[in-house]
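Data from start-v5.txt: compact mmCIF, C-alpha atoms
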```txt
# COMPACT_ATOMS: atom_id res chain seq x y z
CA MET A 1 115.00 89.18 86.22
CA PRO A 2 117.65 90.51 88.57
CA HIS A 3 118.09 93.78 86.71
CA LEU A 4 114.42 94.59 86.92
CA ASP A 5 114.51 94.38 90.69
CA VAL A 6 117.47 96.75 90.90
CA LEU A 7 115.90 99.13 88.44
CA TYR A 8 112.65 99.04 90.34
CA ARG A 9 114.51 99.85 93.55
CA MET A 10 116.16 102.71 91.74
CA ALA A 11 112.72 104.08 90.88
CA CYS A 12 111.61 103.52 94.50
CA SER A 13 114.65 105.37 95.79
CA VAL A 14 113.77 108.46 93.83
CA CYS A 15 109.99 108.45 93.78
CA ALA A 16 108.07 109.49 96.85
CA GLY A 17 105.56 106.67 96.61
CA GLY A 18 105.57 103.11 95.35
CA ASP A 19 102.86 103.78 92.81
CA HIS A 20 104.96 106.30 90.95
CA ALA A 21 107.87 103.89 91.09
CA LYS A 22 105.77 101.34 89.26
CA ASP A 23 104.81 103.90 86.65
CA VAL A 24 108.44 104.85 86.15
CA ALA A 25 109.58 101.24 85.92
CA GLN A 26 106.94 100.47 83.35
CA GLU A 27 107.66 103.56 81.30
CA ALA A 28 111.39 102.98 81.41
CA PHE A 29 111.06 99.39 80.34
CA ILE A 30 108.96 100.34 77.33
CA LYS A 31 111.48 103.02 76.42
CA ALA A 32 114.21 100.41 76.69
CA LEU A 33 112.37 98.08 74.34
CA ARG A 34 111.78 100.87 71.87
CA GLY A 35 115.30 102.18 72.09
CA PHE A 36 117.17 98.93 72.01
CA GLY A 37 118.57 99.87 68.62
CA ASN A 38 120.72 102.41 70.45
CA PHE A 39 122.25 99.76 72.65
CA THR A 40 125.74 98.74 71.60
CA PRO A 41 126.15 94.97 71.78
CA GLY A 42 128.94 94.07 74.15
CA SER A 43 128.51 97.19 76.25
CA ASN A 44 127.06 97.19 79.73
CA GLY A 45 123.35 96.39 79.44
CA ARG A 46 122.67 96.92 83.12
CA SER A 47 124.14 100.39 83.02
CA TRP A 48 122.27 101.19 79.81
CA LEU A 49 118.99 100.20 81.41
CA ALA A 50 119.81 102.09 84.58
CA ARG A 51 120.46 105.21 82.53
CA ILE A 52 117.00 104.93 80.97
CA VAL A 53 115.42 104.47 84.40
CA HIS A 54 117.43 107.40 85.75
CA ASN A 55 116.30 109.69 82.95
CA THR A 56 112.71 108.58 83.32
CA CYS A 57 112.86 109.16 87.07
CA ARG A 58 114.28 112.62 86.53
CA ASP A 59 111.54 113.53 84.05
CA HIS A 60 108.87 112.40 86.50
CA TRP A 61 110.48 114.16 89.40
CA ARG A 62 110.63 117.43 87.49
CA GLN A 63 106.95 117.17 86.71
CA LEU A 64 105.98 116.46 90.29
CA ARG A 65 108.50 118.32 92.44
CA ALA A 66 106.97 120.32 95.22
CA ARG A 67 109.31 123.31 95.03
CA PRO A 68 110.58 124.68 91.71
CA GLU A 69 113.86 125.75 93.28
CA ASP A 70 114.78 122.15 94.09
CA GLN A 71 117.22 120.61 91.67
CA TRP A 72 117.68 116.98 90.73
CA ASP A 73 121.20 116.96 92.11
CA ALA A 74 121.10 119.70 94.73
CA ASP A 75 118.74 121.59 96.98
CA ALA A 76 119.12 124.79 98.93
CA ASP A 77 121.15 123.10 101.69
CA TRP A 78 123.40 121.15 99.37
CA ALA A 79 125.97 123.91 98.89
CA VAL A 80 126.01 124.60 102.62
CA GLU A 81 126.89 120.98 103.30
CA ASN A 82 130.19 121.46 101.58
CA THR A 83 131.19 124.25 103.92
CA LEU A 84 130.68 122.16 107.05
CA ALA A 85 133.51 120.29 108.67
CA ASP A 86 133.56 116.53 108.45
CA PRO A 87 131.89 115.08 111.51
CA ASP A 88 133.74 112.65 113.68
CA TRP A 89 131.72 109.58 112.86
CA GLU A 90 130.25 107.37 115.54
CA PRO A 91 129.04 104.18 113.85
CA GLU A 92 126.76 103.39 116.79
CA ILE A 93 124.58 106.34 115.87
CA ILE A 94 123.87 104.71 112.54
CA ARG A 95 123.46 101.23 113.93
CA ASN A 96 121.01 102.45 116.57
CA ALA A 97 119.00 104.79 114.37
CA PHE A 98 115.34 104.05 113.89
CA SER A 99 114.61 102.90 110.34
CA ALA A 100 111.93 105.56 110.05
CA ASP A 101 114.48 108.25 110.94
CA LEU A 102 116.92 106.84 108.41
CA ASP A 103 114.27 106.76 105.71
CA ARG A 104 113.20 110.30 106.58
CA ALA A 105 116.78 111.47 106.39
CA LEU A 106 117.21 109.72 103.07
CA GLN A 107 114.23 111.58 101.68
CA GLN A 108 115.97 114.85 102.49
CA LEU A 109 118.73 114.11 100.00
CA PRO A 110 118.45 115.34 96.42
CA PRO A 111 117.08 112.48 94.29
CA LEU A 112 120.25 111.97 92.28
CA TRP A 113 122.14 111.10 95.43
CA ARG A 114 119.45 108.80 96.72
CA ALA A 115 119.90 106.85 93.51
CA GLY A 116 123.68 107.08 93.81
CA LEU A 117 123.67 105.67 97.33
CA LEU A 118 121.48 102.83 96.16
CA LEU A 119 123.75 101.85 93.30
CA VAL A 120 127.07 102.22 95.14
CA ASP A 121 126.47 101.61 98.83
CA VAL A 122 123.55 99.20 98.66
CA GLU A 123 123.92 97.37 95.36
CA GLY A 124 127.70 97.57 95.33
CA TRP A 125 128.04 98.75 91.74
CA PRO A 126 131.50 99.99 90.74
CA TYR A 127 131.82 103.76 90.81
CA GLU A 128 132.46 103.88 87.08
CA GLU A 129 129.28 102.00 86.28
CA ALA A 130 127.19 104.05 88.68
CA ALA A 131 128.61 107.29 87.27
CA ALA A 132 127.82 106.17 83.73
CA SER A 133 124.30 105.18 84.75
CA LEU A 134 123.67 108.52 86.41
CA GLU A 135 125.42 110.38 83.59
CA ILE A 136 127.80 112.30 85.82
CA PRO A 137 131.60 112.40 85.95
CA LEU A 138 133.30 109.94 88.25
CA GLY A 139 134.69 112.68 90.48
CA THR A 140 131.26 114.24 90.82
CA LEU A 141 129.85 110.91 91.89
CA ARG A 142 132.52 110.40 94.52
CA SER A 143 132.25 113.86 96.02
CA GLY A 144 128.46 113.84 95.81
CA LEU A 145 128.21 110.52 97.58
CA HIS A 146 130.57 111.73 100.26
CA ARG A 147 128.37 114.73 100.80
CA ALA A 148 125.25 112.57 100.80
CA ARG A 149 126.66 110.18 103.41
CA ARG A 150 127.76 113.09 105.52
CA ARG A 151 124.37 114.72 105.38
CA LEU A 152 122.67 111.45 106.23
CA TYR A 153 124.95 111.05 109.21
CA ARG A 154 124.36 114.61 110.30
CA LEU A 155 120.60 114.23 110.05
CA LEU A 156 120.76 111.05 112.10
CA SER A 157 123.09 112.44 114.71
CA GLU A 158 121.52 115.84 115.24
CA PRO A 159 118.23 114.70 116.73
CA GLN A 160 119.93 112.06 118.82
CA ASP A 161 119.33 113.85 122.09
CA GLU A 162 115.66 114.06 121.37
CA THR A 163 115.61 110.40 120.32
CA GLN A 164 117.47 109.46 123.45
CA LEU A 165 114.99 111.36 125.55
CA ARG A 166 112.12 109.68 123.77
CA ARG A 167 113.57 106.29 124.44
CA GLU A 168 114.39 107.03 128.03
CA GLY A 169 111.03 108.59 128.61
CA ALA A 170 109.24 105.60 127.13
CA MET B 1 138.08 113.29 119.30
CA SER B 2 140.60 112.33 116.66
CA HIS B 3 142.10 114.92 114.36
CA PRO B 4 141.70 114.57 110.59
CA THR B 5 144.86 114.57 108.52
CA ALA B 6 145.53 115.49 104.91
CA LEU B 7 144.93 111.89 103.86
CA CYS B 8 141.53 111.61 105.50
CA PRO B 9 139.59 113.36 102.67
CA ILE B 10 140.93 110.84 100.18
CA ILE B 11 139.62 108.00 102.32
CA HIS B 12 136.29 109.75 102.77
CA ASP B 13 135.85 110.33 99.05
CA ASP B 14 136.51 106.69 98.29
CA PRO B 15 135.54 104.53 101.26
CA ARG B 16 135.67 101.40 99.11
CA GLY B 17 139.36 101.91 98.46
CA ASP B 18 139.27 101.69 94.67
CA THR B 19 141.81 104.50 94.34
CA TRP B 20 143.84 103.92 97.46
CA THR B 21 147.58 103.57 97.32
CA PRO B 22 149.36 101.44 99.94
CA GLU B 23 149.98 104.67 101.82
CA HIS B 24 146.24 105.39 101.92
CA ALA B 25 145.49 101.86 103.06
CA ALA B 26 148.05 102.12 105.83
CA HIS B 27 146.58 105.42 106.91
CA ALA B 28 143.06 104.04 106.91
CA SER B 29 144.08 101.17 109.13
CA ARG B 30 145.66 103.34 111.80
CA CYS B 31 143.73 106.62 111.71
CA PRO B 32 140.90 106.40 114.29
CA HIS B 33 138.99 109.15 112.47
CA CYS B 34 139.01 107.19 109.22
CA ARG B 35 138.35 103.87 110.92
CA ARG B 36 135.21 105.23 112.54
CA PHE B 37 134.19 106.79 109.24
CA LEU B 38 134.66 103.52 107.36
CA ALA B 39 132.77 101.58 110.01
CA GLY B 40 130.02 104.18 109.81
CA VAL B 41 129.76 103.95 106.03
CA GLU B 42 129.59 100.19 106.24
CA ALA B 43 126.89 100.40 108.88
CA MET B 44 125.00 102.91 106.78
CA GLY B 45 125.07 100.64 103.74
CA GLY B 46 123.75 97.80 105.85
CA ARG B 47 120.96 99.88 107.32
CA LEU B 48 119.98 101.29 103.92
CA LYS B 49 119.77 97.77 102.52
CA ASP B 50 117.09 96.98 105.06
CA LEU B 51 114.88 99.92 104.17
CA PRO B 52 111.79 98.85 102.24
CA ARG B 53 112.47 101.25 99.37
CA TYR B 54 116.00 99.91 98.96
CA SER B 55 115.14 96.25 99.31
CA ALA B 56 111.89 96.06 97.35
CA ALA B 57 111.45 93.43 94.69
CA ILE B 58 109.42 94.40 91.69
CA PRO B 59 105.74 93.57 92.37
CA ALA B 60 104.53 90.38 90.74
CA GLY B 61 101.75 92.14 88.85
CA LEU B 62 104.10 94.69 87.37
CA ARG B 63 106.64 92.01 86.53
CA ALA B 64 103.97 90.10 84.65
CA THR B 65 102.97 93.22 82.79
CA LEU B 66 106.55 93.99 81.81
CA GLU B 67 107.04 90.42 80.71
CA SER B 68 103.93 90.75 78.61
CA HIS B 69 105.51 93.66 76.76
CA LEU B 70 108.44 91.44 75.92
CA GLU B 71 106.09 88.61 75.09
CA ALA B 72 104.13 90.83 72.73
CA ALA B 73 107.29 91.86 70.95
CA THR B 74 108.87 88.44 70.66
CA THR B 75 106.00 86.15 69.73
CA PRO B 76 103.59 86.09 66.82
CA PRO B 77 100.21 87.63 67.51
CA SER B 78 98.29 84.48 68.24
CA ILE B 79 95.43 86.02 70.20
CA PRO B 80 94.08 88.34 67.51
CA ARG B 81 94.19 85.57 64.94
CA GLN B 82 91.70 83.62 67.00
CA ILE B 83 89.22 86.46 66.90
CA PRO B 84 87.23 86.95 63.72
CA GLY B 85 87.41 90.41 62.32
CA SER B 86 90.58 91.37 64.11
CA ALA B 87 93.35 93.01 62.18
CA GLY B 88 96.24 91.65 64.15
CA ARG B 89 98.54 93.22 66.67
CA ARG B 90 99.42 96.68 65.59
CA SER B 91 102.40 96.74 67.85
CA PHE B 92 103.74 93.61 66.21
CA ARG B 93 103.13 94.96 62.74
CA ARG B 94 104.60 98.36 63.45
CA TRP B 95 107.68 97.23 65.32
CA GLY B 96 107.77 93.99 63.40
CA GLN B 97 111.03 92.97 61.88
CA ALA B 98 113.10 95.56 63.64
CA LEU B 99 111.89 94.82 67.12
CA ILE B 100 111.90 91.04 67.21
CA PRO B 101 115.68 90.62 67.23
CA VAL B 102 115.90 93.72 69.38
CA ALA B 103 113.53 92.32 71.98
CA MET B 104 115.20 88.94 71.88
CA ALA B 105 118.50 90.63 72.56
CA ALA B 106 116.81 92.72 75.22
CA SER B 107 115.59 89.59 76.92
CA LEU B 108 119.15 88.35 77.02
CA VAL B 109 120.36 91.60 78.49
CA LEU B 110 117.62 91.55 81.06
CA GLY B 111 118.24 87.95 81.92
CA VAL B 112 114.64 87.25 81.15
CA LEU B 113 113.38 83.73 81.06
CA LEU B 114 109.79 84.08 80.10
CA ASP B 115 107.44 81.85 81.92
CA ARG B 116 104.90 81.39 79.21
CA GLN B 117 102.47 79.76 81.57
CA GLY B 118 100.28 82.46 82.97
CA VAL B 119 102.12 85.42 81.55
CA PHE B 120 99.77 88.30 80.96
CA ARG B 121 97.30 86.87 83.43
CA SER B 122 96.60 88.14 86.85
CA GLY B 123 95.03 86.61 89.87
CA GLN B 124 94.56 90.09 91.26
CA THR B 125 90.85 90.00 91.84
CA SER B 126 90.65 91.79 95.15
CA GLY B 127 92.66 93.84 97.55
CA GLN B 128 93.15 96.78 95.20
CA VAL B 129 95.36 99.49 96.57
CA ALA B 130 93.37 102.34 98.08
CA ARG B 131 93.55 105.41 95.88
CA THR B 132 91.58 108.59 95.43
CA LEU B 133 89.95 109.54 92.18
CA GLY B 134 92.30 112.51 92.09
CA ASP B 135 95.25 110.11 92.10
CA TYR B 136 93.56 107.99 89.49
CA ILE B 137 93.08 111.00 87.23
CA LEU B 138 96.78 111.77 87.49
CA ASP B 139 97.52 108.12 86.68
CA VAL B 140 95.39 107.94 83.57
CA THR B 141 96.36 111.35 82.24
CA HIS B 142 99.97 110.36 82.69
CA ASP B 143 99.37 107.13 80.81
CA HIS B 144 97.73 109.05 77.98
CA TYR B 145 100.74 111.37 77.90
CA LEU B 146 103.06 108.38 77.87
CA PHE B 147 101.28 106.78 74.93
CA ALA B 148 101.48 110.05 73.03
CA GLN B 149 105.20 110.23 73.73
CA LEU B 150 105.66 106.68 72.56
CA ASP B 151 103.24 107.11 69.67
CA ASN B 152 101.83 103.75 70.56
CA SER B 153 98.64 103.34 72.51
CA LEU B 154 97.45 100.16 70.84
CA GLU B 155 98.39 96.61 71.55
CA VAL B 156 95.75 95.33 69.19
CA ARG B 157 93.95 97.11 66.38
CA MET B 158 90.25 96.26 66.24
CA ASN B 159 87.21 98.32 65.37
CA ASP B 160 84.67 95.75 66.45
CA PRO B 161 83.83 96.51 70.11
CA ALA B 162 82.58 93.00 70.83
CA ALA B 163 85.75 91.41 69.47
CA LEU B 164 87.91 93.89 71.37
CA THR B 165 85.96 93.23 74.56
CA ARG B 166 86.52 89.49 74.15
CA TRP B 167 90.20 90.06 73.52
CA LEU B 168 90.52 92.18 76.66
CA GLU B 169 88.54 89.65 78.69
CA GLY B 170 91.11 87.06 77.79
CA SER B 171 93.67 88.85 79.93
CA LEU B 172 91.54 90.39 82.64
CA HIS B 173 89.25 89.25 85.40
CA PHE B 174 86.65 91.82 84.49
CA SER B 175 84.73 92.67 81.36
CA PRO B 176 84.69 96.19 79.99
CA ASP B 177 81.59 96.77 77.91
CA LEU B 178 82.97 98.91 75.10
CA PRO B 179 80.70 101.10 73.01
CA ALA B 180 80.90 101.01 69.24
CA GLY B 181 82.47 103.96 67.55
CA THR B 182 80.80 107.04 66.15
CA PRO B 183 82.16 109.65 63.73
CA ASP B 184 83.33 111.61 66.78
CA PHE B 185 84.91 108.58 68.38
CA VAL B 186 86.29 106.04 65.91
CA LEU B 187 87.27 102.87 67.73
CA GLU B 188 90.84 101.96 66.82
CA GLY B 189 91.76 99.18 69.20
CA GLY B 190 92.90 98.54 72.70
CA ARG B 191 95.47 97.38 75.13
CA VAL B 192 95.78 95.63 78.45
CA TRP B 193 97.74 97.94 80.68
CA HIS B 194 98.87 98.42 84.22
CA THR B 195 97.54 101.59 85.76
CA VAL B 196 99.18 101.92 89.15
CA ASN B 197 98.81 98.47 90.58
CA ARG B 198 95.60 97.74 88.70
CA LEU B 199 95.32 95.80 85.52
CA SER B 200 93.34 98.00 83.23
CA ALA B 201 91.56 97.72 79.92
CA LEU B 202 92.12 100.48 77.42
CA ALA B 203 90.16 101.31 74.31
CA ALA B 204 91.41 104.04 72.00
CA TYR B 205 89.10 106.21 69.92
CA ALA B 206 90.27 108.63 67.24
CA THR B 207 88.62 112.02 67.40
CA PRO B 208 87.89 114.27 64.38
CA ASP B 209 90.68 116.70 65.21
CA GLY B 210 93.30 113.98 64.98
CA ASN B 211 93.65 113.37 68.68
CA GLU B 212 93.04 110.20 70.59
CA ALA B 213 90.57 109.71 73.40
CA ILE B 214 91.31 106.70 75.55
CA LEU B 215 88.77 104.94 77.72
CA PHE B 216 90.35 103.29 80.76
CA ALA B 217 88.49 100.67 82.77
CA VAL B 218 89.80 99.42 86.10
CA PRO B 219 88.12 97.76 89.08
CA ALA B 220 86.57 100.49 91.21
CA GLU B 221 87.36 98.69 94.45
CA GLY B 222 89.53 100.85 96.69
CA LEU B 223 88.98 104.04 94.67
CA THR B 224 87.50 106.82 96.78
CA PRO B 225 86.27 110.22 95.57
CA GLY B 226 88.17 112.10 98.24
CA ASP B 227 86.99 115.70 98.26
CA MET B 228 86.46 115.93 94.51
CA GLY B 229 83.38 117.67 93.23
CA PHE B 230 81.24 116.10 90.54
CA ARG B 231 78.49 116.82 88.06
CA ILE B 232 75.49 114.60 87.49
CA VAL B 233 75.42 113.61 83.82
CA ARG B 234 72.76 111.16 82.69
CA GLY B 235 72.35 109.96 86.20
CA HIS B 236 76.06 109.37 86.76
CA ARG B 237 78.39 111.23 89.06
CA VAL B 238 81.10 112.42 86.70
CA TYR B 239 84.35 113.66 88.16
CA HIS B 240 86.57 115.94 86.14
CA GLY B 241 90.29 116.48 86.59
CA GLU B 242 93.40 117.45 84.70
CA GLY B 243 97.02 116.39 84.57
CA TRP B 244 99.86 116.17 82.08
CA GLU B 245 98.06 118.68 79.78
CA ARG B 246 95.19 116.30 79.56
CA GLU B 247 91.73 116.12 81.03
CA ALA B 248 89.92 113.12 82.36
CA LEU B 249 86.29 112.38 83.08
CA VAL B 250 85.75 109.59 85.56
CA TRP B 251 82.60 107.78 86.54
CA ILE B 252 81.68 104.52 88.18
CA GLU B 253 79.72 101.92 86.31
CA GLY B 254 78.95 98.77 88.24
CA ASP B 255 82.19 97.62 89.80
CA LEU B 256 84.37 99.44 87.27
CA ALA B 257 85.83 102.92 87.33
CA LEU B 258 85.82 104.32 83.81
CA ALA B 259 87.97 107.22 82.75
CA LEU B 260 87.84 108.99 79.43
CA VAL B 261 91.05 110.90 78.74
CA ALA B 262 91.93 113.30 75.94
CA PRO B 263 94.28 116.23 75.44
CA ARG B 264 92.93 119.25 77.31
CA GLY B 265 90.13 120.89 75.36
CA HIS B 266 89.95 118.22 72.68
CA LEU B 267 87.27 115.91 74.00
CA PRO B 268 84.28 115.95 71.61
CA ALA B 269 81.15 117.27 73.27
CA THR B 270 79.25 114.14 72.29
CA TRP B 271 81.22 111.98 74.70
CA ALA B 272 78.30 111.49 77.07
CA ASP B 273 76.05 110.23 74.27
CA LEU B 274 78.44 107.43 73.56
CA PHE B 275 79.96 106.50 76.88
CA LEU B 276 77.29 107.16 79.51
CA ARG B 277 74.46 104.75 79.66
CA GLU B 278 71.25 105.94 81.29
CA ASP B 279 70.89 104.57 84.79
```

Written as structure tokens, that's how I'd like the structure from this file.
Amino acid sequence: MPHLDVLYRMACSVCAGGDHAKDVAQEAFIKALRGFGNFTPGSNGRSWLARIVHNTCRDHWRQLRARPEDQWDADADWAVENTLADPDWEPEIIRNAFSADLDRALQQLPPLWRAGLLLVDVEGWPYEEAAASLEIPLGTLRSGLHRARRRLYRLLSEPQDETQLRREGA
Amino acid sequence: MSHPTALCPIIHDDPRGDTWTPEHAAHASRCPHCRRFLAGVEAMGGRLKDLPRYSAAIPAGLRATLESHLEAATTPPSIPRQIPGSAGRRSFRRWGQALIPVAMAASLVLGVLLDRQGVFRSGQTSGQVARTLGDYILDVTHDHYLFAQLDNSLEVRMNDPAALTRWLEGSLHFSPDLPAGTPDFVLEGGRVWHTVNRLSALAAYATPDGNEAILFAVPAEGLTPGDMGFRIVRGHRVYHGEGWEREALVWIEGDLALALVAPRGHLPATWADLFLRED
């Protein structure tokens, strides 16, 4: 069941803990079974399922979010990100980052963009399919992903001195 | 440091090059700023792929449960027919003709090849994930909410508790001892479910005000009270919690954790008479 694995990862990417991801996957699958009459034969089944998972994830997230001001697609720092200059990327910073730091940085992205990065950068879905699955315009997906990558990079590169010191001190 | 040009934003918005013209491609190949960016994005994708949350496969227990939903929708209800007094699978009857072709098509979309050997069974007899009763209350109240949203809590409709218990035992490694109904709690049927990494037995009881109280039974192993307070009712420690506009009462009986869930304020006061056995 290749789609189920991807859809489960989508739930994992958004949900804080694995247990909620399982709940979401289960709920989404049942919704898919119940709503299959709305599926148009010949259209993209994977994207249709991903849309159901995405909507289910969003509903869960709204119920459980820690701060009411946080949005599914943006948080307080999201607008600020757009005003910052593009960093001059150093790929080594990413290659040498600790996985825990990368995961922590990932968790600081709004959930929509965690799911977007999964579909596009990890699973390699076409932009059009990912945009349809996340129910956002193509241009929004592209610019949002750019911002998400940039923020990830920034979060990884900012504490580098401290990380370096930790390593050297070890 | 390199200096970004007017073409750089186009490359950064579309690092995969789907919208690039030859001019963009030429720029990307010679601009050091863009080359480092593209190498960084590629490295980031590779690192993300290795993160547990981005590389996880669906857990076997959950996969089996999801397959069982498909199984239930695509095959005749053989299990209830083997049990005297059963009224057949409600889910099959209700979804019936509409859902069978739908689920068959769904299985094609999903790429599902059902392994009919062992589907709906679980070897999960130990090693339950550690969880507090507070978490568990959120889990079961959410499940109750979900069933209400779906208008479908039953996998099988049975009002004979012994027959329902046998039916549940057929899919579980534990045996929930279900009480018979009363006018306040009319036994409707049950379901095998997956409550956060634990196979669970559910029995649904209709209450006089038209609501549904659901009794969940899961192995108690790995469930800890945390800092929850409790009341002693008929010799049992009963924990009370709320979530999803529902309330849950949880107690331990033998090696099972039992949870009775109903919409907030709609649990008949006689619940203890029916569900709590004197220690």

For this session: Write out as a ChimeraX atom specification which residues come within 10 Å of stretch 103-116 of chain A when counting all atoms listed in the file, dropping same-chain ones fewer than 6 positions away.
Result: /A:9-16,54,57-58,61,70-78,122-123,125,127,130-131,133-134,136,141-142,144-149,151-156 /B:47-48,51-54

Exercise. Once you count only C-alpha atoms, which residues of chain A turn out to be within 7 Å of chain B? Could you give them as a PyMOL selection string?
Worked result: chain A and resi 1+3-5+8-9+12-13+19+22-23+26+33+36-37+45+88-91+94-95+99+118+121-122+142-143+146

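Taking atom CA of B:Gly241 as the reference point, atom CA of A:Ala25 is found at 24.6 Å.
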
For this session: Can you work out the spacing between atom CA of B:Val250 and atom CA of B:Arg191 in Å, to one decimal?
Result: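 We find that atom CA of B:Val250 and atom CA of B:Arg191 lie 18.8 Å from each other.
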
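With all atoms listed in the file as the atoms that count, the residue of B:Asn211, B:Leu138, B:Gly229, B:Ala217 with the shortest distance to B:Leu172 is B:Ala217.
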
For this session: Give me the residues within 9 Å of B:Val140 as a ChimeraX atom specification, counting all atoms listed in the file and dropping any in the same chain fewer than 5 places off.
Result: /B:135,145,195,216,243,248,259-261

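As for atom CA of B:Asp177 and atom CA of B:Ile137, they are spaced 20.5 Å apart.
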
Problem set entry | Nearby residues, (82.7, 102.3, 75.0) file frame, 7 Å, all atoms listed in the file, as a ChimeraX atom specification | /B:177-180,274-275

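Nearest residue to B:Ala130, choosing from B:Val238, B:Leu223, B:Ile10, B:Ala26 and counting all atoms listed in the file: B:Leu223.
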
For this session: Please tell me which residues are no farther than 9 Å from (78.3, 103.8, 85.0) in the file, counting all atoms listed in the file, and write them as a list in words.
Result: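 Within the cut-off we find Gly235, His236, Arg237, Trp251, Ile252, Glu253, Gly254, Asp255, Leu256, Ala257, Leu258, Phe275, Leu276, Arg277, Glu278 and Asp279 of chain B.
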
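Proximity to A:Asn55 was assessed for A:Asp101, A:Glu81, A:Glu135, A:Glu69 counting only C-alpha atoms; the smallest distance is recorded for A:Glu135.
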
Since the input is missing atoms for stretch 142-160 of chain A, could you rebuild it with N, CA and C atoms and give the result as an mmCIF file, in the frame of the given file?
```cif
data_model
loop_
_atom_site.group_PDB
_atom_site.id
_atom_site.type_symbol
_atom_site.label_atom_id
_atom_site.label_comp_id
_atom_site.auth_asym_id
_atom_site.auth_seq_id
_atom_site.Cartn_x
_atom_site.Cartn_y
_atom_site.Cartn_z
ATOM 1 N N ARG A 142 131.821 110.651 93.253
ATOM 2 C CA ARG A 142 132.520 110.400 94.520
ATOM 3 C C ARG A 142 132.256 111.517 95.527
ATOM 4 N N SER A 143 132.426 112.759 95.068
ATOM 5 C CA SER A 143 132.250 113.860 96.020
ATOM 6 C C SER A 143 130.783 113.994 96.424
ATOM 7 N N GLY A 144 129.881 113.745 95.480
ATOM 8 C CA GLY A 144 128.460 113.840 95.810
ATOM 9 C C GLY A 144 128.046 112.776 96.817
ATOM 10 N N LEU A 145 128.552 111.576 96.632
ATOM 11 C CA LEU A 145 128.210 110.520 97.580
ATOM 12 C C LEU A 145 128.779 110.824 98.964
ATOM 13 N N HIS A 146 129.971 111.377 98.968
ATOM 14 C CA HIS A 146 130.570 111.730 100.260
ATOM 15 C C HIS A 146 129.682 112.733 100.985
ATOM 16 N N ARG A 147 129.222 113.716 100.206
ATOM 17 C CA ARG A 147 128.370 114.730 100.800
ATOM 18 C C ARG A 147 127.036 114.126 101.262
ATOM 19 N N ALA A 148 126.528 113.201 100.453
ATOM 20 C CA ALA A 148 125.250 112.570 100.800
ATOM 21 C C ALA A 148 125.374 111.740 102.076
ATOM 22 N N ARG A 149 126.467 110.998 102.194
ATOM 23 C CA ARG A 149 126.660 110.180 103.410
ATOM 24 C C ARG A 149 126.794 111.096 104.633
ATOM 25 N N ARG A 150 127.514 112.171 104.412
ATOM 26 C CA ARG A 150 127.760 113.090 105.520
ATOM 27 C C ARG A 150 126.446 113.733 105.971
ATOM 28 N N ARG A 151 125.629 114.097 104.989
ATOM 29 C CA ARG A 151 124.370 114.720 105.380
ATOM 30 C C ARG A 151 123.461 113.703 106.087
ATOM 31 N N LEU A 152 123.462 112.483 105.570
ATOM 32 C CA LEU A 152 122.670 111.450 106.230
ATOM 33 C C LEU A 152 123.114 111.295 107.684
ATOM 34 N N TYR A 153 124.427 111.229 107.857
ATOM 35 C CA TYR A 153 124.950 111.050 109.210
ATOM 36 C C TYR A 153 124.552 112.232 110.079
ATOM 37 N N ARG A 154 124.678 113.416 109.514
ATOM 38 C CA ARG A 154 124.360 114.610 110.300
ATOM 39 C C ARG A 154 122.886 114.609 110.706
ATOM 40 N N LEU A 155 122.033 114.244 109.747
ATOM 41 C CA LEU A 155 120.600 114.230 110.050
ATOM 42 C C LEU A 155 120.274 113.188 111.118
ATOM 43 N N LEU A 156 121.021 112.086 111.087
ATOM 44 C CA LEU A 156 120.760 111.050 112.100
ATOM 45 C C LEU A 156 121.340 111.443 113.454
ATOM 46 N N SER A 157 122.435 112.155 113.431
ATOM 47 C CA SER A 157 123.090 112.440 114.710
ATOM 48 C C SER A 157 122.520 113.675 115.388
ATOM 49 N N GLU A 158 122.012 114.600 114.611
ATOM 50 C CA GLU A 158 121.520 115.840 115.240
ATOM 51 C C GLU A 158 120.356 115.628 116.190
ATOM 52 N N PRO A 159 119.351 114.818 115.798
ATOM 53 C CA PRO A 159 118.230 114.700 116.730
ATOM 54 C C PRO A 159 118.455 113.624 117.787
ATOM 55 N N GLN A 160 119.715 113.203 117.949
ATOM 56 C CA GLN A 160 119.930 112.060 118.820
ATOM 57 C C GLN A 160 119.490 112.331 120.258
#
```
